[in-house]
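Engineer: Before anything else, here's the structure in question.
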Amino acid sequence: MPLASARSIRLLVPSYDYTPGHAEATLGAGISNNETIVGIYVFHGQDVGYLITPDHRFGPSIAVPGALYTIANGVNDAGLVCGNYFPGDTEHGFLYDGSTYTTFDIPDAIYTHVTGVNDAGDFVGFAQVDSVNTTAFMSVGGVVTSFTIPGQSEVYPQAINNLGQIAGYYGGSGVEHGFFRDADGTLAYPLDYPSAKGTRIRGLNDGGLMVGDYGTVGFEDFGFVLKNRVHFLSYDYPDEGEHFTIFGGVNNSGVISGFFQDFSGLGTHAFIARVSP
């Protein structure tokens, strides 16, 4: 697949932290079209969700009452947040509308994660249904349907756009491959960054623009943008230390939510970037 210059991606907010000076790490994840952002911050070793409003203010923490940790994965323009939480038994999916947490589980699953939500409130996720198989699901108009990639036992959808298209990755153990599923069920796979050990698609907008990260044989991680399912743009956060870069979500304006980790001692921090049309 052709590669393009990372100069097409520029930082809008080079670095930010939830509760500056207190959070041990801040990881940017999903972003809506009105630039609501969700992610995870680590405080005293505990994962807690956070939300940034469209006017660039931090909202209250996203934490399911009684949970040992809460992961916020996606958000839509109405501020509906999706994610997963762990109360001590197993992981459960959830939706949060700003006042009420609603648990969502695939029946009889070992665990459930809800990973992406669109403006209609349709959502996607995955659930481990037995000791071997992790199945993908989508909830569209309140109807929950599972789907798979032929021959694959581990499928992890990450995002659903307003056209009902879905993107994510499949496989495990560092050898993941990206996929795209059209609203009619047509699959495009594998979508792999050239020569990468693993490719993980994490975000998708209504124009079909996808973002994520890929790993190398040297155990480095870089962000990428994928245009038209053909053109990859690689991105490495501009810092002098050794680190990795993750793109967690992208909206219709090409604004990207992500994070980087600097192993020279500067920690893990979120950022906001934009990709040129």
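Letters A, B, ... mark the chains of the structure tokens in the order given; residue numbers begin at 1 per chain; ligand numbers begin at 1, in order shown.
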Mind running stretch 34-122 of chain A against stretch 241-262 of chain A at 12 Å and telling me each contacting residue's nearest atom pair with the distance in Å (one decimal), counting only C-alpha atoms, chain and number ascending, as a Markdown table?
Structural biologist:
```
| residue | atom | partner | partner_atom | distance |
| --- | --- | --- | --- | --- |
| A:Asn34 | CA | A:Asn251 | CA | 8.1 |
| A:Glu35 | CA | A:Asn251 | CA | 7.5 |
| A:Thr36 | CA | A:Asn251 | CA | 9.8 |
| A:Ile37 | CA | A:Ser257 | CA | 7.2 |
| A:Val38 | CA | A:Ser257 | CA | 8.6 |
| A:Gly39 | CA | A:Gly248 | CA | 8.8 |
| A:Ile40 | CA | A:Phe259 | CA | 10.4 |
| A:Tyr41 | CA | A:Phe259 | CA | 11.1 |
| A:Leu51 | CA | A:Ser257 | CA | 11.9 |
| A:Ile52 | CA | A:Ser257 | CA | 11.0 |
| A:Ala72 | CA | A:Gly248 | CA | 11.4 |
| A:Asn73 | CA | A:Gly248 | CA | 8.6 |
| A:Gly74 | CA | A:Gly249 | CA | 8.2 |
| A:Val75 | CA | A:Gly249 | CA | 9.9 |
| A:Asn76 | CA | A:Asn251 | CA | 10.0 |
| A:Asp77 | CA | A:Asn251 | CA | 10.4 |
| A:Thr115 | CA | A:Gly248 | CA | 10.8 |
| A:Gly116 | CA | A:Gly249 | CA | 9.6 |
| A:Val117 | CA | A:Gly249 | CA | 11.5 |
| A:Asn118 | CA | A:Asn251 | CA | 10.8 |
| A:Asp119 | CA | A:Asn251 | CA | 11.7 |
```
Engineer: Can you tell me, as a list in words, what residues are no more than 8 Å from stretch 58-68 of chain A when counting only C-alpha atoms, ignoring any on the same chain fewer than 3 positions away?
Structural biologist: Tyr18, Gln46, Val48, Gly49, Tyr50, Leu51, Ile52, Thr53, Ala72, Tyr85, Phe86, Pro87, Gly88 and Tyr101 of chain A
Engineer: Using Å and a single decimal, report how far atom CA of A:His113 sits from atom CA of A:His269.
Structural biologist: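 Rounded to one decimal, the two atoms are 23.6 Å apart.
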Engineer: Could you jot down the atom CA of A:Tyr235 to atom CA of A:Ala270 separation for me, Å, one decimal place?
Structural biologist: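 Calculated distance between atom CA of A:Tyr235 and atom CA of A:Ala270 is 14.6 Å.
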Engineer: Do a neighbour search on A:Lys197 at 6 Å with only C-alpha atoms, toss out local chain neighbours closer than 2 positions, and write the hits as a VMD selection string.
Structural biologist: chain A and resid 175 215 to 217
Engineer: Would you put the residues from that selection into a file with C-alpha atoms, as a compact mmCIF listing (two decimals), in the first residue's frame?
Structural biologist:
```txt
# COMPACT_ATOMS: atom_id res chain seq x y z
CA VAL A 175 -0.05 -9.99 15.06
CA GLY A 215 3.71 -2.33 15.87
CA THR A 216 7.15 -3.19 14.53
CA VAL A 217 9.33 -6.23 15.09
```
Engineer: Residues near stretch 199-206 of chain A, anyone? I mean within 8 Å using only C-alpha atoms, not counting same-chain ones fewer than 4 positions away, as a count of residues only.
Structural biologist: 31
